[in-house]
Amino acid sequence: MTTTEADSRVYNRNIKARQSSDNSSPAGNHDKVVEEDARQWERCAEKIKIKVMEQVQDQLNEILDRVLTESVQSLSNTQSTVNGKTKNISSSRSQRMDDGKVFMARASLLDELFEISHIRTIYHMFIAVLLIFFLSTLAVDYIDQGRLVLEFDLLFYAFGKLGTVTVAWAIMFSYTLIVPYYTLLFWGSLYHKVLSKLGLSLGMGLILSLIQTCILGVFPIYVVVHHQLPPASRFIVILEQIRFLMKTYSFLRETAPVIMKKSPKEGENPRFPTFSSYLYFLFCPTLIYRESYPRNRHIRWNYVGITLGMILGCLFYGYFILVRLCVPVFRTQTNVPFSKRTMVLAIFHSILPGIMLLLLCFFAFLHCWLNLFGELLRFADRMFYKDWWNSTSFANYYRTWNIVVHDWLYYYGYRDFLWLSNRKFRTAAMLSVFIVSAVVHEYALAMGFGFFYPVMFLLFAVFGVAFNFTMNDKRQSPVCNIIMWVCLFIGQGVQVCLYCQEWYAQIYCPRTGNSFWELVMPRSWSCSYQR
């Protein structure tokens, strides 16, 4: 007998007892009895509903666990027979495309979590903080100037010279759209016809690398430095440079082996990826090329509008954080010599704006921006991140923070390194991925801010590597999650503090020469400026 049946029988006994007592009661109490019965029935129905939902949830969990277990076992046990011998498919290099990332239709995790009222309340709390920032700015302006002033001068400065940025982006996009694609077609049409396949591949690869270095390597740096772009405009150019390089590599890496393996029959033309699929890939929110992706049936324009509003809200959120929490602190430091005390106080003061900027960048880019393009292009696989906030190890945090970049590093960095080394140097493969990621992050920050201060590189390549090996996946205690968050708080505080100090030191203590040490030595270490 189930719990729902038991509740029903108890309720029926109560009804019968109520009816027997009603026969001896006055007629005037009939309405009250009916109301009481209705309330009791409502309570009983609510209990039955809760118990039924719990039973259904348990059964669904059991079914999903069984299906997932059987799927994993079937995939791990799948073998192919070659000349009467069994060969594991996952270890076969010829199955590289089938063994890569599998795209499937799935929603972003935050979109699912926002369906829960408790999680949605946390989102509302952040909106309330934004309103508080807005009101505090108005109040301070009214007190200082006697009138309501809401100027966004810092925002306009950061996104200045957008015309130059647009021209630079158009040149990089045109090159990425045309040159790699038609180079692949030209190489593929000759590959199975010439005798020296290696010579053809090396020659075409060398020519493409030289052109790539000029257009996607030197040109963006020249635009940023020569035109003295402001910070946000610098980041747009540099991040698009990195994105185009990663997209180009993925396209060539995924299509070239297929052309090499599939020799066309006599009289047939080789099969190449379509131009429309490559164009779609350049805009869709993934760095792994496929000929096709799972697509949604239609565009939810209300979702697009809400996501655009959230992006604008995040933009103003970041502006208020910098104006209210960072600029007043670091701009007013005058004649303060470098000391341990001032550094420690500045770091702890920077923890709050630092962690807020971290969460803001995650939400604005990895959730809103990528979901916006995913919705406009009907791209169905929205797993751009996982529940990194629940991580109990830094190894899991690095895997789940940014799935888009992690997939690229895993398939084209880590796995290819293992293939080249015959799977002998896993630690070296992991370290190489960390070093490449740290160098690229530091390059983006150095070009975006206009000075070299390798804080990100040291935190990523030194402390990040150490935490990755010490706080591994074997640690599942909630204490480890607390430790991870403490490290994130301190790390963000260090970055915000040091980069803000260096920013104002570069302004008030400009370098006097162009020597190597002048370029790489942080100005904040020796600068005592007075406004």
# chains A, B, ... in the order shown; residues from 1 in each chain; ligands from 1

$ select_by_dssp --residues "stretch 198-417 of chain A" --states "helix (DSSP H, G or I)" --output "count of residues only"
163

$ residues_around --residues "A:Ile490" --least-positions-apart "6" --cutoff "9 Å" --atoms "only C-alpha atoms" --output "list in words"
Ile347, Phe348, Ser350, Ile351, Gly354 and Ile355 of chain A

$ residues_around --residues "A:Ala170" --least-positions-apart "2" --cutoff "12 Å" --atoms "only C-alpha atoms" --output "ChimeraX atom specification"
/A:163-168,172-177,215-216,220,237,240-241,244
